[in-house]
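Structure first, then comments.
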Amino acid sequence: MAERIIGTVRRVVGPVVEAGNVTGVEMLELVFVGDERLVGEIVRIRGDVAWIQVYEDTTGLRPGAPVIGQGEPLSVELGPGLLGSIYDGVQRPLDVLRMQMGDFVSRGVHAPALSREKRWHFRPCVTPPCRVQGGAVLGVVQETEVIEHRILTPPWVEGELVRVAPDGDYGIEDTVATVSTPGGDVDLRFFHKWPVRKGRPYAKRLACAGPLITGQRVLDTLFPVARGGVVVVPGGFGTGKTMVQHAIAKWCDADLVVYIGCGERGNEMTGVLTEFPELIDPRTGKSLMERTLLIANTSNMPVAAREASIYTGITIAEYYRDMGYNVAIMADSTSRWAEALRELSGRMEEMPADEGFPAYLPTRLAEFYERAGLVTTLGGHEGSITTIGAVSPPGGDFSEPVTQHTKRFVRAFWALDKQLANARHYPAISWLESYSEYIDDVAPWWDEKTNESWRELRSDIMAIMQKEARLEHVVKLVGADVLPDSQRLILEVAAMFKNAFLQQNAFDKVDAFCVAEKQYVMLNIIVTFYTLAAEAIQKGVTLASLKRMDVVRDIMQMKYECPNDELNRLDTLLKELEESIHELTSIYG
């Protein structure tokens with residue numbers, strides 16, 4: 001639909017513009033406001049008055065300025081060239097704009113999300129004539145060295161394929177296929193557009209199966225998230241939410257990562273933008289940016305763009321899911337996205353709910369998190385989106401509305417603890433407040449990787465940590481010396497588990513990433529130590545003599561001294577542990 005003037009500006013209230021004399025518009029229609037063509041979206045219509053959410057700075061915008069309708073909703077371009085790119089909340093390519101105007105984006109500046117100059121080598125996968133429907137793979141393009149981009153039939157197209165382009169190089173706007181439909185021939189290009197607020201269709205939603213391996217022991221072993229799952233990471237300022245998401249983005253075994261910096265501080269996003277291109281993906285040996293897409297919406301950018309950035313990211317993730325890939329999406333942080341909702345709601349004079357947030361906050365959170373999942377795509381592939389959202393509750397108060405409403409829609413909760421962060425224990429994830437409802441979903445995967453004892457070992461160590469928490473209350477009152485050795489052993493094993501297993505050094509080449517097999521063996525060693533030591537104490541062995549064993553020092557250092565590809569060292573360590581305690585028991589016996 002062609003551009004047209006649909007009304008004029010009547011009132012400007014921050015990022016919200018009230019337009020009068022409006023005709024022929026629809027809800028959520030994309031518009032340009034004023035002579036500078038500021039990007040906006042219609043969010044309310046009442047008679048001939050429309051309220052527009054503007055995604056740019058409205059300073060200097062005056063009543064009487066034209067409002068130009070685009071006849072389509074806010075949409076993103078989906079095609080080759082997305083990976084390795086850096087976009088803002090409305091999919092403007094920041095690297096392209098930086099070359100045009102410097103470090104700060106001017107108002108009303110537009111650039112295509114996908115390069116119109118670059119040419120891609122296309123290899124067809126189908127031979128006409130044949131029938132195709134939405135999601136069918138027409139051909140492939142090597143988008144990066146590690147990701148093959150599958151050119152899909154758009155979801156709304158179904159008919160007889162009458163022509164497909166031969167093997168060769170094409171621009172993104174060139175026609176690569178023609179489909180005959182009841183409404184006439186449809187020419188398909190490398191890319192198509194999709195409304196960001198509308199979830200892309202799929203054939204069937206599947207039950208989650210198998211974990212998303214993050215390489216972080218506290219997550220994979222104690223609180224796993226399944227592929228296609230949803231998890232929230234709440235924590236106060238300085239507890240390490242962003243660092244946890246950075247680590248997952250770097251090391252998780254997803255095929256692609258979409259990282260959304262929603263309202264983040266500029267220095268944090270700068271760290272991401274400078275560090276990620278230099279990181280080497282341990283799975284492929286290539287740059288991490290080969291499978292990563294960044295959406296940067298920093299705190300000094302217009303607040304309304306935060307609201308769009310979340311939907312932009314999840315829509316792009318759905319596109320790659322439809323190709324059959326497993327995608328992990330990091331949203332950092334949904335609290336600042338909710339704050340944008342609150343500000344915009346206030347500007348439109350809506351009735352506030354808890355702490356000033358709009359009454360539809362739970363609905364918006366549900367709409368976002370429910371777009372995750374493991375599905376069978378329209379093309380018959382299996383793909384997934386795993387959503388990991390950070391929440392920044394003021395003062396670390398988990399009872400505030402964003403955290404509480406988010407808990408309703410997620411099945412894993414990784415609570416960050418201020419005391420652990422202050423003690424420099426990272427990841428600072430509380431083993432007492434966190435939980436995961438994916439244990440039954442991922443247990444078969446762990447059973448296949450191990451000897452079917454993962455769930456039992458996990459239960460054993462969680463029981464030890466809960467006993468330790470109860471004993472800590474006694475220790476604070478009367479001290480640890482009054483406890484019998486059997487109870488002091490619980491404190492020692494809990495300390496061993498915290499320092500040798502849960503705490504992980506992101507700057508150590510060996511410890512930064514831990515494979516699942518290593519996690520299992522490390523856990524088995526610690527639980528075995530507790531079991532054998534408890535039996536030895538019953539036979540008269542003192543706790544002091546157990547602590548003096550050389551193997552205890554080796555256990556404390558095993559995360560550094562046993563690389564992921566040398567797990568035989570851990571097997572040797574387990575044997576040494578059994579022999580040492582047996583020898584000690586025989587002496588006391």
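Residues are named by chain letter and number: chains run A, B, ... in the order of the structure tokens, numbers start at 1 in each chain, and ligands are numbered from 1 in the order shown.
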
Quick one: residues within 7 Å of region 213-229 of chain A, only C-alpha atoms counted, chain neighbours fewer than 2 positions away excluded, as a VMD selection string? chain A and resid 208 to 211 231 248 251 to 253 372 to 374 384 to 387 412 435 to 436 438 to 439 441 to 442 458 501 to 502 513 to 515 519

Residue subset to file, keeping N, CA and C atoms, as a CSV table (one decimal), in the first residue's frame:
chain,number,residue,atom,x,y,z
A,208,CYS,N,9.1,-30.4,25.5
A,208,CYS,CA,10.6,-30.2,25.6
A,208,CYS,C,11.3,-31.5,25.9
A,209,ALA,N,12.5,-31.6,25.3
A,209,ALA,CA,13.3,-32.9,25.5
A,209,ALA,C,14.7,-32.5,25.3
A,210,GLY,N,15.5,-32.8,26.3
A,210,GLY,CA,17.0,-32.5,26.2
A,210,GLY,C,17.3,-31.1,26.7
A,211,PRO,N,18.4,-30.9,27.4
A,211,PRO,CA,18.7,-29.6,27.9
A,211,PRO,C,19.4,-28.7,26.9
A,231,VAL,N,13.1,-19.3,30.9
A,231,VAL,CA,13.7,-19.1,32.3
A,231,VAL,C,13.9,-17.6,32.5
A,248,ILE,N,26.2,-17.5,28.9
A,248,ILE,CA,25.4,-18.4,28.2
A,248,ILE,C,25.4,-18.1,26.7
A,251,TRP,N,28.8,-19.6,25.4
A,251,TRP,CA,29.1,-21.1,25.5
A,251,TRP,C,27.9,-22.0,25.3
A,252,CYS,N,26.7,-21.6,25.2
A,252,CYS,CA,25.6,-22.5,25.1
A,252,CYS,C,25.6,-23.2,23.7
A,253,ASP,N,25.0,-24.4,23.7
A,253,ASP,CA,25.1,-25.2,22.5
A,253,ASP,C,23.9,-25.0,21.5
A,372,ALA,N,8.3,-18.8,22.8
A,372,ALA,CA,9.4,-19.8,22.9
A,372,ALA,C,8.8,-21.2,22.7
A,373,GLY,N,9.6,-22.2,22.6
A,373,GLY,CA,9.1,-23.6,22.5
A,373,GLY,C,9.8,-24.4,21.5
A,374,LEU,N,9.6,-25.7,21.6
A,374,LEU,CA,10.1,-26.7,20.6
A,374,LEU,C,9.0,-27.1,19.7
A,384,SER,N,13.7,-24.9,17.7
A,384,SER,CA,13.3,-24.4,19.0
A,384,SER,C,13.8,-23.0,19.3
A,385,ILE,N,13.1,-22.4,20.2
A,385,ILE,CA,13.5,-21.1,20.8
A,385,ILE,C,13.6,-21.3,22.3
A,386,THR,N,14.7,-21.0,22.9
A,386,THR,CA,14.9,-21.0,24.3
A,386,THR,C,15.0,-19.6,24.8
A,387,THR,N,14.1,-19.1,25.6
A,387,THR,CA,14.1,-17.7,26.0
A,387,THR,C,14.7,-17.6,27.4
A,412,ALA,N,11.6,-22.2,34.9
A,412,ALA,CA,12.9,-22.2,35.6
A,412,ALA,C,13.2,-20.8,36.2
A,435,TYR,N,15.0,-22.7,41.2
A,435,TYR,CA,14.4,-24.0,40.9
A,435,TYR,C,14.3,-24.2,39.4
A,436,SER,N,14.0,-25.4,39.0
A,436,SER,CA,13.8,-25.8,37.6
A,436,SER,C,12.7,-26.9,37.6
A,438,TYR,N,12.2,-28.5,34.8
A,438,TYR,CA,12.6,-29.3,33.6
A,438,TYR,C,13.3,-30.5,33.9
A,439,ILE,N,13.4,-30.9,35.2
A,439,ILE,CA,14.2,-32.0,35.6
A,439,ILE,C,13.8,-33.3,34.9
A,441,ASP,N,12.1,-33.5,32.2
A,441,ASP,CA,12.3,-33.4,30.7
A,441,ASP,C,13.7,-33.7,30.3
A,442,VAL,N,14.7,-33.3,31.1
A,442,VAL,CA,16.1,-33.5,30.6
A,442,VAL,C,16.7,-34.8,31.2
A,458,ARG,N,22.0,-35.6,41.9
A,458,ARG,CA,21.5,-34.2,42.0
A,458,ARG,C,20.7,-34.1,43.3
A,501,PHE,N,32.8,-26.8,42.7
A,501,PHE,CA,31.8,-27.1,41.7
A,501,PHE,C,31.0,-25.9,41.3
A,502,LEU,N,30.3,-25.3,42.2
A,502,LEU,CA,29.4,-24.2,41.9
A,502,LEU,C,30.1,-23.0,41.4
A,513,PHE,N,34.2,-23.0,30.6
A,513,PHE,CA,33.2,-23.9,30.0
A,513,PHE,C,33.4,-25.3,30.5
A,514,CYS,N,32.3,-25.9,30.9
A,514,CYS,CA,32.4,-27.3,31.5
A,514,CYS,C,31.4,-28.2,30.7
A,515,VAL,N,31.9,-29.2,30.1
A,515,VAL,CA,31.0,-30.1,29.3
A,515,VAL,C,30.2,-30.9,30.3
A,519,GLN,N,30.9,-32.4,34.3
A,519,GLN,CA,30.0,-32.0,35.4
A,519,GLN,C,29.5,-33.2,36.1

Run DSSP on the backbone of this structure and report the residues of region 79-145 of chain A it assigns to helix (DSSP H, G or I), as a list in words. Leu94, Asp95, Val96, Leu97, Arg98, Met99, Gln100 and Met101 of chain A

How many Å separate CA of Tyr55 (chain A) from CA of Asp322 (chain A)? 28.4 Å

Give me the residues near Ala469 (chain A) as a PyMOL selection string, where near means some atom within 12 Å (using only C-alpha atoms) and where sequence neighbours in that chain fewer than 3 positions away do not count. chain A and resi 430-433+462-466+472-476+487+490-491+494-495

Name the residues in contact with Gly135 (chain A) at a cut-off of 6 Å, using only C-alpha atoms, excluding same-chain residues fewer than 6 positions from it; report them as a list in words. Leu152, Thr153, Pro155, Leu378 and Gly379 of chain A

Based on the selection just made, write N, CA and C atoms of those residues as an mmCIF file, in the first residue's frame.
data_model
loop_
_atom_site.group_PDB
_atom_site.id
_atom_site.type_symbol
_atom_site.label_atom_id
_atom_site.label_comp_id
_atom_site.auth_asym_id
_atom_site.auth_seq_id
_atom_site.Cartn_x
_atom_site.Cartn_y
_atom_site.Cartn_z
ATOM 1 N N LEU A 152 13.089 -19.730 2.636
ATOM 2 C CA LEU A 152 11.800 -20.371 2.880
ATOM 3 C C LEU A 152 10.681 -19.718 2.082
ATOM 4 N N THR A 153 9.706 -20.525 1.712
ATOM 5 C CA THR A 153 8.467 -19.978 1.185
ATOM 6 C C THR A 153 7.752 -19.240 2.321
ATOM 7 N N PRO A 155 5.071 -17.902 4.980
ATOM 8 C CA PRO A 155 3.962 -18.697 5.539
ATOM 9 C C PRO A 155 2.633 -18.533 4.820
ATOM 10 N N LEU A 378 6.392 -25.473 9.761
ATOM 11 C CA LEU A 378 5.518 -25.690 8.606
ATOM 12 C C LEU A 378 6.211 -26.522 7.535
ATOM 13 N N GLY A 379 7.542 -26.413 7.473
ATOM 14 C CA GLY A 379 8.290 -27.181 6.482
ATOM 15 C C GLY A 379 8.662 -28.574 6.930
#

Looking at A:Ser180, A:Gly199, A:Pro302, A:Ile151, which one is nearest to Val137 (chain A), with distances taken over only C-alpha atoms?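 With only C-alpha atoms as the atom set, the closest residue is A:Ile151.
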